[in-house]
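Content type PDB, C-alpha atoms, from the file model-v4.pdb:
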```pdb
ATOM      1  CA  MET A   1     -24.033  -6.831  -5.049
ATOM      2  CA  GLN A   2     -26.591  -5.212  -2.739
ATOM      3  CA  ARG A   3     -25.442  -5.173   0.882
ATOM      4  CA  ARG A   4     -27.222  -4.038   4.022
ATOM      5  CA  PHE A   5     -25.749  -2.446   7.148
ATOM      6  CA  PHE A   6     -25.444  -5.853   8.850
ATOM      7  CA  ASP A   7     -23.475  -7.227   5.871
ATOM      8  CA  TYR A   8     -20.954  -4.413   6.164
ATOM      9  CA  LEU A   9     -20.768  -4.948   9.923
ATOM     10  CA  ILE A  10     -19.749  -8.569   9.276
ATOM     11  CA  ILE A  11     -17.159  -7.367   6.725
ATOM     12  CA  SER A  12     -15.708  -4.996   9.332
ATOM     13  CA  PHE A  13     -15.384  -7.906  11.779
ATOM     14  CA  LYS A  14     -13.596  -9.904   9.091
ATOM     15  CA  GLY A  15     -11.254  -6.929   8.647
ATOM     16  CA  ILE A  16     -10.612  -6.873  12.400
ATOM     17  CA  ALA A  17      -9.770 -10.594  12.260
ATOM     18  CA  MET A  18      -7.441  -9.977   9.295
ATOM     19  CA  GLY A  19      -5.688  -7.152  11.156
ATOM     20  CA  ALA A  20      -5.223  -9.327  14.251
ATOM     21  CA  ALA A  21      -3.698 -12.094  12.121
ATOM     22  CA  ASP A  22      -1.414  -9.683  10.265
ATOM     23  CA  VAL A  23       0.129  -8.450  13.527
ATOM     24  CA  VAL A  24       1.425 -11.926  14.434
ATOM     25  CA  PRO A  25       4.473 -13.409  12.642
ATOM     26  CA  GLY A  26       3.455 -16.715  11.054
ATOM     27  CA  VAL A  27      -0.206 -15.872  10.413
ATOM     28  CA  SER A  28      -1.632 -14.290   7.263
ATOM     29  CA  GLY A  29      -4.548 -11.890   7.020
ATOM     30  CA  GLY A  30      -4.998 -13.261   3.513
ATOM     31  CA  THR A  31      -5.799 -16.634   5.068
ATOM     32  CA  ILE A  32      -8.618 -15.065   7.097
ATOM     33  CA  ALA A  33      -9.954 -13.325   3.985
ATOM     34  CA  PHE A  34      -9.894 -16.599   2.047
ATOM     35  CA  ILE A  35     -11.598 -18.637   4.757
ATOM     36  CA  SER A  36     -14.280 -15.995   5.362
ATOM     37  CA  GLY A  37     -15.244 -15.916   1.686
ATOM     38  CA  ILE A  38     -14.101 -12.422   0.689
ATOM     39  CA  TYR A  39     -10.643 -13.103  -0.753
ATOM     40  CA  GLU A  40     -11.385 -13.080  -4.485
ATOM     41  CA  GLU A  41     -13.660 -10.049  -4.105
ATOM     42  CA  LEU A  42     -10.874  -8.262  -2.225
ATOM     43  CA  ILE A  43      -8.240  -8.978  -4.885
ATOM     44  CA  GLU A  44     -10.571  -8.052  -7.732
ATOM     45  CA  SER A  45     -11.653  -4.821  -6.008
ATOM     46  CA  ILE A  46      -8.031  -3.764  -5.368
ATOM     47  CA  ASP A  47      -7.201  -4.532  -8.997
ATOM     48  CA  LYS A  48      -9.960  -2.141 -10.122
ATOM     49  CA  VAL A  49      -8.412   0.789  -8.246
ATOM     50  CA  ASN A  50      -6.449   2.639 -10.947
ATOM     51  CA  LEU A  51      -6.189   6.001 -12.653
ATOM     52  CA  GLY A  52      -9.167   5.099 -14.841
ATOM     53  CA  VAL A  53     -11.381   5.689 -11.791
ATOM     54  CA  PHE A  54     -10.781   9.450 -12.129
ATOM     55  CA  LYS A  55     -12.005   9.339 -15.733
ATOM     56  CA  VAL A  56     -15.195   7.586 -14.609
ATOM     57  CA  TRP A  57     -15.565  10.169 -11.811
ATOM     58  CA  LYS A  58     -15.224  13.045 -14.273
ATOM     59  CA  ARG A  59     -17.568  11.473 -16.833
ATOM     60  CA  GLU A  60     -20.249   9.843 -14.660
ATOM     61  CA  GLY A  61     -19.783  11.273 -11.162
ATOM     62  CA  PHE A  62     -18.256  10.188  -7.863
ATOM     63  CA  LYS A  63     -21.010   7.703  -6.972
ATOM     64  CA  THR A  64     -20.486   5.664 -10.140
ATOM     65  CA  ALA A  65     -16.688   5.762  -9.731
ATOM     66  CA  TRP A  66     -17.011   4.651  -6.108
ATOM     67  CA  LYS A  67     -19.235   1.726  -7.087
ATOM     68  CA  SER A  68     -16.864   0.729  -9.901
ATOM     69  CA  ILE A  69     -14.099  -0.049  -7.385
ATOM     70  CA  ASN A  70     -16.439  -1.569  -4.759
ATOM     71  CA  GLY A  71     -15.397   1.376  -2.600
ATOM     72  CA  THR A  72     -17.654   0.803   0.412
ATOM     73  CA  PHE A  73     -16.462  -2.805   0.724
ATOM     74  CA  LEU A  74     -12.791  -1.732   0.625
ATOM     75  CA  LEU A  75     -13.338   1.175   3.040
ATOM     76  CA  VAL A  76     -15.163  -0.946   5.626
ATOM     77  CA  LEU A  77     -12.711  -3.857   5.359
ATOM     78  CA  PHE A  78      -9.534  -1.752   5.582
ATOM     79  CA  SER A  79     -11.035   0.325   8.403
ATOM     80  CA  GLY A  80     -11.514  -2.921  10.336
ATOM     81  CA  ILE A  81      -7.925  -3.947   9.592
ATOM     82  CA  ALA A  82      -6.573  -0.560  10.704
ATOM     83  CA  ILE A  83      -8.651  -0.502  13.908
ATOM     84  CA  SER A  84      -7.473  -4.003  14.756
ATOM     85  CA  ILE A  85      -3.783  -3.328  14.144
ATOM     86  CA  LEU A  86      -3.822  -0.046  16.091
ATOM     87  CA  SER A  87      -5.730  -1.501  19.038
ATOM     88  CA  LEU A  88      -4.122  -4.941  19.202
ATOM     89  CA  ALA A  89      -0.448  -4.089  18.606
ATOM     90  CA  LYS A  90       0.263  -3.598  22.319
ATOM     91  CA  LEU A  91      -1.756  -6.674  23.336
ATOM     92  CA  ILE A  92      -0.051  -8.917  20.772
ATOM     93  CA  LYS A  93       3.341  -7.609  21.839
ATOM     94  CA  TRP A  94       2.466  -8.396  25.490
ATOM     95  CA  LEU A  95       1.212 -11.899  24.620
ATOM     96  CA  LEU A  96       4.317 -12.657  22.568
ATOM     97  CA  HIS A  97       6.451 -11.840  25.627
ATOM     98  CA  ASN A  98       4.267 -13.299  28.385
ATOM     99  CA  GLU A  99       2.093 -16.080  26.916
ATOM    100  CA  PRO A 100       3.885 -17.210  23.744
ATOM    101  CA  VAL A 101       2.888 -20.902  23.976
ATOM    102  CA  LEU A 102      -0.841 -20.159  24.231
ATOM    103  CA  LEU A 103      -0.748 -17.464  21.536
ATOM    104  CA  TRP A 104       1.112 -19.677  19.074
ATOM    105  CA  SER A 105      -1.151 -22.625  19.960
ATOM    106  CA  PHE A 106      -4.218 -20.624  18.970
ATOM    107  CA  PHE A 107      -2.690 -19.604  15.649
ATOM    108  CA  PHE A 108      -1.338 -23.109  15.029
ATOM    109  CA  GLY A 109      -4.897 -24.435  15.228
ATOM    110  CA  LEU A 110      -6.096 -21.606  13.012
ATOM    111  CA  VAL A 111      -3.533 -22.259  10.260
ATOM    112  CA  LEU A 112      -3.955 -26.051  10.502
ATOM    113  CA  ALA A 113      -7.687 -25.720   9.841
ATOM    114  CA  SER A 114      -6.959 -23.210   7.065
ATOM    115  CA  ILE A 115      -4.731 -25.725   5.268
ATOM    116  CA  ILE A 116      -7.520 -28.303   5.293
ATOM    117  CA  TYR A 117     -10.062 -25.757   4.096
ATOM    118  CA  ILE A 118      -7.977 -24.395   1.218
ATOM    119  CA  ALA A 119      -6.869 -27.882   0.110
ATOM    120  CA  LYS A 120     -10.556 -28.879  -0.098
ATOM    121  CA  GLN A 121     -11.089 -26.140  -2.680
ATOM    122  CA  ILE A 122      -8.753 -27.950  -5.112
ATOM    123  CA  LYS A 123     -11.150 -29.917  -7.323
ATOM    124  CA  ALA A 124      -8.742 -31.016 -10.087
ATOM    125  CA  TRP A 125      -5.858 -32.970  -8.540
ATOM    126  CA  SER A 126      -2.893 -33.869 -10.759
ATOM    127  CA  VAL A 127       0.841 -34.525 -10.585
ATOM    128  CA  LYS A 128       1.461 -30.806 -11.212
ATOM    129  CA  ILE A 129      -0.744 -29.870  -8.262
ATOM    130  CA  ILE A 130       0.982 -32.323  -5.908
ATOM    131  CA  VAL A 131       4.460 -31.192  -7.015
ATOM    132  CA  ALA A 132       3.444 -27.539  -6.487
ATOM    133  CA  ILE A 133       2.335 -28.310  -2.920
ATOM    134  CA  ILE A 134       5.555 -30.207  -2.121
ATOM    135  CA  VAL A 135       7.886 -27.575  -3.630
ATOM    136  CA  THR A 136       6.168 -24.601  -1.974
ATOM    137  CA  SER A 137       5.968 -26.460   1.355
ATOM    138  CA  ILE A 138       9.739 -26.980   1.299
ATOM    139  CA  LEU A 139      10.378 -23.385   0.195
ATOM    140  CA  SER A 140       8.090 -21.989   2.896
ATOM    141  CA  TYR A 141       9.698 -24.210   5.538
ATOM    142  CA  TYR A 142      13.193 -22.966   4.702
ATOM    143  CA  ILE A 143      11.950 -19.360   4.754
ATOM    144  CA  THR A 144      10.894 -19.939   8.383
ATOM    145  CA  LEU A 145      14.475 -20.982   9.200
ATOM    146  CA  ALA A 146      15.964 -17.763   7.853
ATOM    147  CA  GLU A 147      17.773 -15.486  10.274
ATOM    148  CA  PRO A 148      16.466 -11.878  10.344
ATOM    149  CA  PHE A 149      18.599  -9.012   9.114
ATOM    150  CA  ALA A 150      19.528  -6.023  11.262
ATOM    151  CA  SER A 151      16.866  -3.422  12.033
ATOM    152  CA  PRO A 152      16.294  -1.017   9.134
ATOM    153  CA  ASP A 153      17.323   2.638   9.335
ATOM    154  CA  SER A 154      17.107   3.739   5.703
ATOM    155  CA  PRO A 155      13.845   5.276   4.392
ATOM    156  CA  PHE A 156      14.290   3.307   1.161
ATOM    157  CA  TYR A 157      14.596   0.094   3.174
ATOM    158  CA  LEU A 158      11.304   0.875   4.949
ATOM    159  CA  LEU A 159       9.657   1.404   1.547
ATOM    160  CA  PHE A 160      11.015  -1.955   0.418
ATOM    161  CA  CYS A 161       9.796  -3.667   3.608
ATOM    162  CA  GLY A 162       6.297  -2.235   3.161
ATOM    163  CA  PHE A 163       6.266  -3.385  -0.466
ATOM    164  CA  ILE A 164       7.297  -6.974   0.339
ATOM    165  CA  ALA A 165       5.253  -7.347   3.522
ATOM    166  CA  ILE A 166       1.930  -6.306   1.985
ATOM    167  CA  ILE A 167       2.378  -8.901  -0.767
ATOM    168  CA  ALA A 168       2.728 -11.559   1.911
ATOM    169  CA  MET A 169      -0.158 -10.178   3.973
ATOM    170  CA  ILE A 170      -2.675 -10.601   1.139
ATOM    171  CA  LEU A 171      -1.284 -14.003   0.139
ATOM    172  CA  PRO A 172      -2.931 -16.784   2.178
ATOM    173  CA  GLY A 173      -0.376 -18.859   4.038
ATOM    174  CA  VAL A 174       2.400 -16.278   3.904
ATOM    175  CA  SER A 175       2.751 -14.001   6.914
ATOM    176  CA  GLY A 176       3.575 -10.371   6.214
ATOM    177  CA  ALA A 177       4.613  -9.933   9.844
ATOM    178  CA  PHE A 178       7.024 -12.842   9.488
ATOM    179  CA  ILE A 179       8.503 -11.358   6.323
ATOM    180  CA  LEU A 180       9.040  -8.153   8.306
ATOM    181  CA  LEU A 181      10.685 -10.258  11.015
ATOM    182  CA  ILE A 182      13.084 -11.804   8.487
ATOM    183  CA  LEU A 183      13.853  -8.356   7.060
ATOM    184  CA  GLY A 184      14.511  -7.050  10.574
ATOM    185  CA  ALA A 185      11.648  -4.552  10.383
ATOM    186  CA  TYR A 186       9.008  -6.258  12.547
ATOM    187  CA  GLN A 187       9.975  -4.530  15.790
ATOM    188  CA  THR A 188      10.194  -1.222  13.915
ATOM    189  CA  ALA A 189       6.684  -1.723  12.506
ATOM    190  CA  ILE A 190       5.177  -2.636  15.906
ATOM    191  CA  ASP A 191       6.972   0.261  17.624
ATOM    192  CA  THR A 192       5.814   2.640  14.864
ATOM    193  CA  ILE A 193       2.164   1.690  15.409
ATOM    194  CA  ASN A 194       2.444   1.949  19.198
ATOM    195  CA  ASN A 195       4.402   5.245  19.060
ATOM    196  CA  LEU A 196       1.958   6.715  16.542
ATOM    197  CA  ARG A 197      -0.931   6.124  18.909
ATOM    198  CA  ASP A 198       0.961   6.984  22.118
ATOM    199  CA  GLY A 199       2.437  10.169  20.650
ATOM    200  CA  LEU A 200      -0.984  11.366  19.513
ATOM    201  CA  PHE A 201      -2.848  10.633  22.758
ATOM    202  CA  ASN A 202      -0.018  11.742  25.066
ATOM    203  CA  GLY A 203       0.693  14.933  23.155
ATOM    204  CA  ASP A 204       4.309  13.952  22.390
ATOM    205  CA  MET A 205       4.632  15.549  18.950
ATOM    206  CA  GLU A 206       8.267  14.533  18.433
ATOM    207  CA  LEU A 207       7.398  10.885  19.014
ATOM    208  CA  PHE A 208       4.332  11.238  16.805
ATOM    209  CA  LYS A 209       6.220  12.926  13.906
ATOM    210  CA  ASP A 210       8.986  10.296  13.930
ATOM    211  CA  ALA A 211       6.435   7.464  13.984
ATOM    212  CA  LEU A 212       4.316   9.143  11.292
ATOM    213  CA  LEU A 213       7.292   9.404   8.912
ATOM    214  CA  LYS A 214       8.091   5.704   9.308
ATOM    215  CA  PHE A 215       4.413   4.795   8.975
ATOM    216  CA  VAL A 216       4.054   6.825   5.752
ATOM    217  CA  LEU A 217       7.134   5.145   4.246
ATOM    218  CA  LEU A 218       5.826   1.667   5.110
ATOM    219  CA  ALA A 219       2.358   2.636   3.825
ATOM    220  CA  ILE A 220       3.642   3.961   0.481
ATOM    221  CA  GLY A 221       5.601   0.757  -0.062
ATOM    222  CA  ALA A 222       2.513  -1.245   0.902
ATOM    223  CA  VAL A 223       0.215   0.607  -1.514
ATOM    224  CA  ILE A 224       2.646   0.066  -4.404
ATOM    225  CA  GLY A 225       3.063  -3.618  -3.544
ATOM    226  CA  LEU A 226      -0.670  -4.115  -3.135
ATOM    227  CA  LYS A 227      -1.439  -2.632  -6.526
ATOM    228  CA  VAL A 228       1.349  -4.459  -8.381
ATOM    229  CA  PHE A 229       0.648  -7.867  -6.885
ATOM    230  CA  SER A 230      -3.162  -7.780  -6.856
ATOM    231  CA  LYS A 231      -3.254  -7.729 -10.674
ATOM    232  CA  ALA A 232      -1.038 -10.820 -10.914
ATOM    233  CA  LEU A 233      -2.969 -12.631  -8.196
ATOM    234  CA  ASN A 234      -6.311 -11.732  -9.753
ATOM    235  CA  TRP A 235      -5.117 -13.180 -13.073
ATOM    236  CA  MET A 236      -3.862 -16.362 -11.367
ATOM    237  CA  PHE A 237      -7.200 -16.981  -9.646
ATOM    238  CA  LYS A 238      -9.090 -16.456 -12.905
ATOM    239  CA  HIS A 239      -6.839 -18.602 -15.116
ATOM    240  CA  GLN A 240      -4.906 -21.017 -12.835
ATOM    241  CA  LYS A 241      -7.130 -21.317  -9.776
ATOM    242  CA  HIS A 242      -6.275 -24.888  -8.735
ATOM    243  CA  LEU A 243      -2.532 -24.381  -9.189
ATOM    244  CA  THR A 244      -2.770 -21.139  -7.199
ATOM    245  CA  LEU A 245      -4.628 -22.928  -4.396
ATOM    246  CA  ALA A 246      -1.959 -25.656  -4.402
ATOM    247  CA  ILE A 247       0.798 -23.037  -4.057
ATOM    248  CA  LEU A 248      -1.060 -21.358  -1.184
ATOM    249  CA  THR A 249      -1.607 -24.717   0.530
ATOM    250  CA  GLY A 250       2.106 -25.492   0.288
ATOM    251  CA  PHE A 251       3.091 -22.122   1.738
ATOM    252  CA  MET A 252       0.752 -22.691   4.665
ATOM    253  CA  ILE A 253       2.074 -26.195   5.347
ATOM    254  CA  GLY A 254       5.653 -24.906   5.439
ATOM    255  CA  SER A 255       4.682 -21.986   7.681
ATOM    256  CA  LEU A 256       3.533 -24.376  10.456
ATOM    257  CA  ASN A 257       7.158 -24.622  11.577
ATOM    258  CA  LYS A 258       7.207 -20.920  12.425
ATOM    259  CA  ILE A 259       4.047 -21.037  14.551
ATOM    260  CA  TRP A 260       4.800 -24.306  16.381
ATOM    261  CA  PRO A 261       4.123 -23.324  20.018
ATOM    262  CA  TRP A 262       7.220 -24.846  21.625
ATOM    263  CA  LYS A 263      10.511 -23.199  20.734
ATOM    264  CA  GLU A 264      14.126 -23.190  21.835
ATOM    265  CA  ILE A 265      15.789 -19.779  21.599
ATOM    266  CA  ILE A 266      19.084 -19.893  19.691
ATOM    267  CA  LYS A 267      19.926 -16.193  19.371
ATOM    268  CA  THR A 268      18.675 -12.978  20.939
ATOM    269  CA  ARG A 269      19.250  -9.280  20.315
ATOM    270  CA  ILE A 270      18.552  -5.989  22.095
ATOM    271  CA  ASN A 271      15.778  -3.949  20.472
ATOM    272  CA  SER A 272      15.423  -0.162  20.275
ATOM    273  CA  GLU A 273      13.740  -0.096  23.714
ATOM    274  CA  GLY A 274      16.626  -1.928  25.368
ATOM    275  CA  GLU A 275      14.687  -5.203  25.658
ATOM    276  CA  GLU A 276      16.135  -8.617  24.875
ATOM    277  CA  VAL A 277      14.084 -10.205  22.078
ATOM    278  CA  THR A 278      14.387 -13.452  20.129
ATOM    279  CA  LEU A 279      16.404 -13.266  16.919
ATOM    280  CA  LEU A 280      16.405 -16.956  15.971
ATOM    281  CA  ASP A 281      14.688 -20.028  17.416
ATOM    282  CA  LYS A 282      13.843 -23.621  16.489
ATOM    283  CA  SER A 283      10.862 -25.911  17.004
ATOM    284  CA  ILE A 284      11.195 -28.591  19.701
ATOM    285  CA  LEU A 285       9.003 -31.242  21.336
ATOM    286  CA  PRO A 286       6.811 -30.067  24.239
ATOM    287  CA  SER A 287       8.724 -32.438  26.561
ATOM    288  CA  SER A 288      11.974 -30.611  25.726
ATOM    289  CA  TYR A 289      10.546 -27.138  26.401
ATOM    290  CA  ASN A 290      12.461 -25.103  28.967
ATOM    291  CA  GLY A 291       9.727 -24.212  31.459
ATOM    292  CA  ASP A 292       6.019 -24.955  31.775
ATOM    293  CA  ASN A 293       4.911 -26.357  28.423
ATOM    294  CA  GLN A 294       1.226 -25.677  29.320
ATOM    295  CA  MET A 295       0.304 -28.799  27.365
ATOM    296  CA  VAL A 296      -3.375 -29.015  28.323
ATOM    297  CA  LEU A 297      -4.080 -25.304  27.801
ATOM    298  CA  ALA A 298      -2.097 -25.356  24.546
ATOM    299  CA  ILE A 299      -4.298 -28.161  23.181
ATOM    300  CA  VAL A 300      -7.400 -26.211  24.245
ATOM    301  CA  PHE A 301      -6.163 -23.120  22.381
ATOM    302  CA  ILE A 302      -5.301 -25.199  19.293
ATOM    303  CA  ILE A 303      -8.892 -26.470  19.304
ATOM    304  CA  ILE A 304     -10.214 -22.916  19.750
ATOM    305  CA  GLY A 305      -8.109 -21.740  16.800
ATOM    306  CA  PHE A 306      -9.321 -24.672  14.704
ATOM    307  CA  GLY A 307     -12.914 -23.900  15.682
ATOM    308  CA  THR A 308     -12.502 -20.238  14.762
ATOM    309  CA  ILE A 309     -11.834 -21.233  11.157
ATOM    310  CA  LEU A 310     -14.946 -23.427  11.128
ATOM    311  CA  ILE A 311     -16.991 -20.399  12.229
ATOM    312  CA  LEU A 312     -15.391 -18.165   9.585
ATOM    313  CA  GLU A 313     -15.966 -20.868   6.974
ATOM    314  CA  ARG A 314     -19.653 -20.991   7.898
ATOM    315  CA  LEU A 315     -19.902 -17.211   7.623
ATOM    316  CA  GLY A 316     -18.246 -17.419   4.227
ATOM    317  CA  ASN A 317     -20.664 -20.119   3.059
ATOM    318  CA  GLN A 318     -23.626 -18.025   4.181
ATOM    319  CA  LYS A 319     -22.243 -15.069   2.228
ATOM    320  CA  ASN A 320     -21.831 -17.199  -0.898
ATOM    321  CA  LYS A 321     -25.404 -18.488  -0.647
ATOM    322  CA  ALA A 322     -26.824 -14.997  -0.150
TER     323      ALA A 322
END
```

Any chance you could give the structure as structure tokens?
Amino acid sequence: MQRRFFDYLIISFKGIAMGAADVVPGVSGGTIAFISGIYEELIESIDKVNLGVFKVWKREGFKTAWKSINGTFLLVLFSGIAISILSLAKLIKWLLHNEPVLLWSFFFGLVLASIIYIAKQIKAWSVKIIVAIIVTSILSYYITLAEPFASPDSPFYLLFCGFIAIIAMILPGVSGAFILLILGAYQTAIDTINNLRDGLFNGDMELFKDALLKFVLLAIGAVIGLKVFSKALNWMFKHQKHLTLAILTGFMIGSLNKIWPWKEIIKTRINSEGEEVTLLDKSILPSSYNGDNQMVLAIVFIIIGFGTILILERLGNQKNKA
């Protein structure tokens, strides 16, 4: 596929959108990739990254090896994801604490539109497809009710968290950030990103070294998980596409409970910075919300989120026609 500079610029923006989604519990970067028309290319490109690349490099040169794994596409996309996560971590953390209803409203609209879009891709409906949607919806819903574990301290636990979270991040409808939340590692991951940046720019080497170690552990786990799961997912899309889409649709339907804007806090805990954060909550009606339910603004943000998917869908359609 021949791409121009503008094409790669659009891919970088899609990566930025994926990174922004991955930071928020309840939203999947994989969903953004799917809606924007790059999901199957992403999975297939990741699957091609293996030790055989070095043989191609040795035999035919770096340029051929780079093309064989769609290297420029992966580099541009993951650069966008990294830039987004590093730059938005503080903002997302602030919004989660100060404007949770509006933030969750935006992502509720985004995921709602995503469900409709992905379900439309299922062309061969059957009893098996319907059962798959129902079962995965129920499973995903009960996952959202799970109470997080304690914060991780073990290096091996961080490796495990990175491994599991990256699988969820590339799976549409399953939030890697939420999986980290359930595992008790979400705050650690957000703090690691913020401390990595703050330590580097403020010259605090102790803070930077500690954050770098945690980041490397999460990253190693993520790379292993990405490689292991991409092969299975690539096979599923090639051989059981409609069933795979049904499973993804079900996961997204069940995840709506987690991103419902109006919540009642059931349990809290004190994080590593001495702040009181939510440990467990439940969805409630806007009329039962303790405080200003911001109903009108929430509806506006739901519509904006819904509209964002329509824009991404159009971009994806243009890419497919090109």

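Interatomic distance, CA of Leu103 in chain A against CA of Ala211 in chain A: 27.0 Å.
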
Quick one: residues within 7 Å of Ser230 in chain A, all atoms listed in the file counted, chain neighbours fewer than 5 positions away excluded, as a list in words?
Ile43, Ile46 and Asp47 of chain A

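Reported to one decimal place, the separation of CA of Ala17 in chain A from CA of Thr192 in chain A is 20.6 Å.
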
Expand the PyMOL selection byres ((chain A and resi 257) around 12) into the individual residues it matches in the shown file, reporting them as number ranges by chain.
A: 25-27, 104-105, 107-108, 111-112, 137-146, 178, 251-256, 258-263, 281-285

Please produce an output containing C-alpha atoms for each residue in the selection, written as an mmCIF file, in the frame of the given file.
```cif
data_model
loop_
_atom_site.group_PDB
_atom_site.id
_atom_site.type_symbol
_atom_site.label_atom_id
_atom_site.label_comp_id
_atom_site.auth_asym_id
_atom_site.auth_seq_id
_atom_site.Cartn_x
_atom_site.Cartn_y
_atom_site.Cartn_z
ATOM 1 C CA PRO A 25 4.473 -13.409 12.642
ATOM 2 C CA GLY A 26 3.455 -16.715 11.054
ATOM 3 C CA VAL A 27 -0.206 -15.872 10.413
ATOM 4 C CA TRP A 104 1.112 -19.677 19.074
ATOM 5 C CA SER A 105 -1.151 -22.625 19.960
ATOM 6 C CA PHE A 107 -2.690 -19.604 15.649
ATOM 7 C CA PHE A 108 -1.338 -23.109 15.029
ATOM 8 C CA VAL A 111 -3.533 -22.259 10.260
ATOM 9 C CA LEU A 112 -3.955 -26.051 10.502
ATOM 10 C CA SER A 137 5.968 -26.460 1.355
ATOM 11 C CA ILE A 138 9.739 -26.980 1.299
ATOM 12 C CA LEU A 139 10.378 -23.385 0.195
ATOM 13 C CA SER A 140 8.090 -21.989 2.896
ATOM 14 C CA TYR A 141 9.698 -24.210 5.538
ATOM 15 C CA TYR A 142 13.193 -22.966 4.702
ATOM 16 C CA ILE A 143 11.950 -19.360 4.754
ATOM 17 C CA THR A 144 10.894 -19.939 8.383
ATOM 18 C CA LEU A 145 14.475 -20.982 9.200
ATOM 19 C CA ALA A 146 15.964 -17.763 7.853
ATOM 20 C CA PHE A 178 7.024 -12.842 9.488
ATOM 21 C CA PHE A 251 3.091 -22.122 1.738
ATOM 22 C CA MET A 252 0.752 -22.691 4.665
ATOM 23 C CA ILE A 253 2.074 -26.195 5.347
ATOM 24 C CA GLY A 254 5.653 -24.906 5.439
ATOM 25 C CA SER A 255 4.682 -21.986 7.681
ATOM 26 C CA LEU A 256 3.533 -24.376 10.456
ATOM 27 C CA LYS A 258 7.207 -20.920 12.425
ATOM 28 C CA ILE A 259 4.047 -21.037 14.551
ATOM 29 C CA TRP A 260 4.800 -24.306 16.381
ATOM 30 C CA PRO A 261 4.123 -23.324 20.018
ATOM 31 C CA TRP A 262 7.220 -24.846 21.625
ATOM 32 C CA LYS A 263 10.511 -23.199 20.734
ATOM 33 C CA ASP A 281 14.688 -20.028 17.416
ATOM 34 C CA LYS A 282 13.843 -23.621 16.489
ATOM 35 C CA SER A 283 10.862 -25.911 17.004
ATOM 36 C CA ILE A 284 11.195 -28.591 19.701
ATOM 37 C CA LEU A 285 9.003 -31.242 21.336
#
```

Which residue gives the smallest distance to Ile133 in chain A among A:Asn98, A:Ser28, A:Thr244, A:Ser154, with only C-alpha atoms counted?
A:Thr244

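If you measure from each of A:Leu110, A:Ala65, A:Leu88, A:Ile302 to Asn194 in chain A using only C-alpha atoms, the closest one turns out to be A:Leu88.
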
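Coordinates place CA of Cys161 in chain A at a distance of 18.2 Å from CA of Ala89 in chain A.
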
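Each of A:Met236, A:Phe73, A:Arg197, A:Asn290 was checked against Arg3 in chain A using only C-alpha atoms; the smallest atom-to-atom distance is that of A:Phe73.
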
Nearest candidate to Leu9 in chain A (options A:Thr136, A:Ser79, A:Asn70, A:Ser84; using all atoms listed in the file):
A:Ser79

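Under the PyMOL selection byres ((chain A and resi 303) around 10), the matching residues in the shown file are A:Ser105, A:Phe106, A:Phe107, A:Phe108, A:Gly109, A:Leu110, A:Ala113, A:Leu297, A:Ala298, A:Ile299, A:Val300, A:Phe301, A:Ile302, A:Ile304, A:Gly305, A:Phe306, A:Gly307, A:Thr308.
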
Run the PyMOL selection byres ((chain A and resi 242) around 12) on the file and write out the hits as a ChimeraX atom specification.
/A:118-126,128-130,132-133,236-241,243-249

When you look at Phe160 in chain A with a cut-off of 12 Å (counting all atoms listed in the file), what residues show up, excluding the ones that are within fewer than 4 positions of it in the same chain? I need them as a PDB file with C-alpha atoms, keeping the file's coordinate frame.
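So the final result, stored in part-v9.pdb, reads:
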```
ATOM      1  CA  PRO A 152      16.294  -1.017   9.134  1.00  0.00           C
ATOM      2  CA  ASP A 153      17.323   2.638   9.335  1.00  0.00           C
ATOM      3  CA  SER A 154      17.107   3.739   5.703  1.00  0.00           C
ATOM      4  CA  PRO A 155      13.845   5.276   4.392  1.00  0.00           C
ATOM      5  CA  PHE A 156      14.290   3.307   1.161  1.00  0.00           C
ATOM      6  CA  ILE A 164       7.297  -6.974   0.339  1.00  0.00           C
ATOM      7  CA  ALA A 165       5.253  -7.347   3.522  1.00  0.00           C
ATOM      8  CA  ILE A 166       1.930  -6.306   1.985  1.00  0.00           C
ATOM      9  CA  ILE A 167       2.378  -8.901  -0.767  1.00  0.00           C
ATOM     10  CA  ILE A 179       8.503 -11.358   6.323  1.00  0.00           C
ATOM     11  CA  LEU A 180       9.040  -8.153   8.306  1.00  0.00           C
ATOM     12  CA  LEU A 183      13.853  -8.356   7.060  1.00  0.00           C
ATOM     13  CA  GLY A 184      14.511  -7.050  10.574  1.00  0.00           C
ATOM     14  CA  ALA A 185      11.648  -4.552  10.383  1.00  0.00           C
ATOM     15  CA  LEU A 217       7.134   5.145   4.246  1.00  0.00           C
ATOM     16  CA  LEU A 218       5.826   1.667   5.110  1.00  0.00           C
ATOM     17  CA  ALA A 219       2.358   2.636   3.825  1.00  0.00           C
ATOM     18  CA  ILE A 220       3.642   3.961   0.481  1.00  0.00           C
ATOM     19  CA  GLY A 221       5.601   0.757  -0.062  1.00  0.00           C
ATOM     20  CA  ALA A 222       2.513  -1.245   0.902  1.00  0.00           C
ATOM     21  CA  VAL A 223       0.215   0.607  -1.514  1.00  0.00           C
ATOM     22  CA  ILE A 224       2.646   0.066  -4.404  1.00  0.00           C
ATOM     23  CA  GLY A 225       3.063  -3.618  -3.544  1.00  0.00           C
TER      24      GLY A 225
END
```

Around all the atoms of range 101-107 of chain A listed in the file, with 8 Å of room on each side, what axis-aligned box do you get, giving centre and edge lengths in Å to one decimal, as AutoDock Vina command-line options?
```
--center_x -0.7 --center_y -20.0 --center_z 19.9 --size_x 23.1 --size_y 21.2 --size_z 24.6
```

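Comparing the minimum interatomic distances between Ile16 in chain A and each of A:Ile35, A:Met295, A:Leu51, A:Ile83, counting only C-alpha atoms, we find that A:Ile83 sits nearest.
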
Skipping near chain neighbours, those fewer than 4 positions away, what residues fall within 12 Å of Gly52 in chain A using only C-alpha atoms, listed as a PyMOL selection string?
chain A and resi 47-48+56-59+65-66+68-69
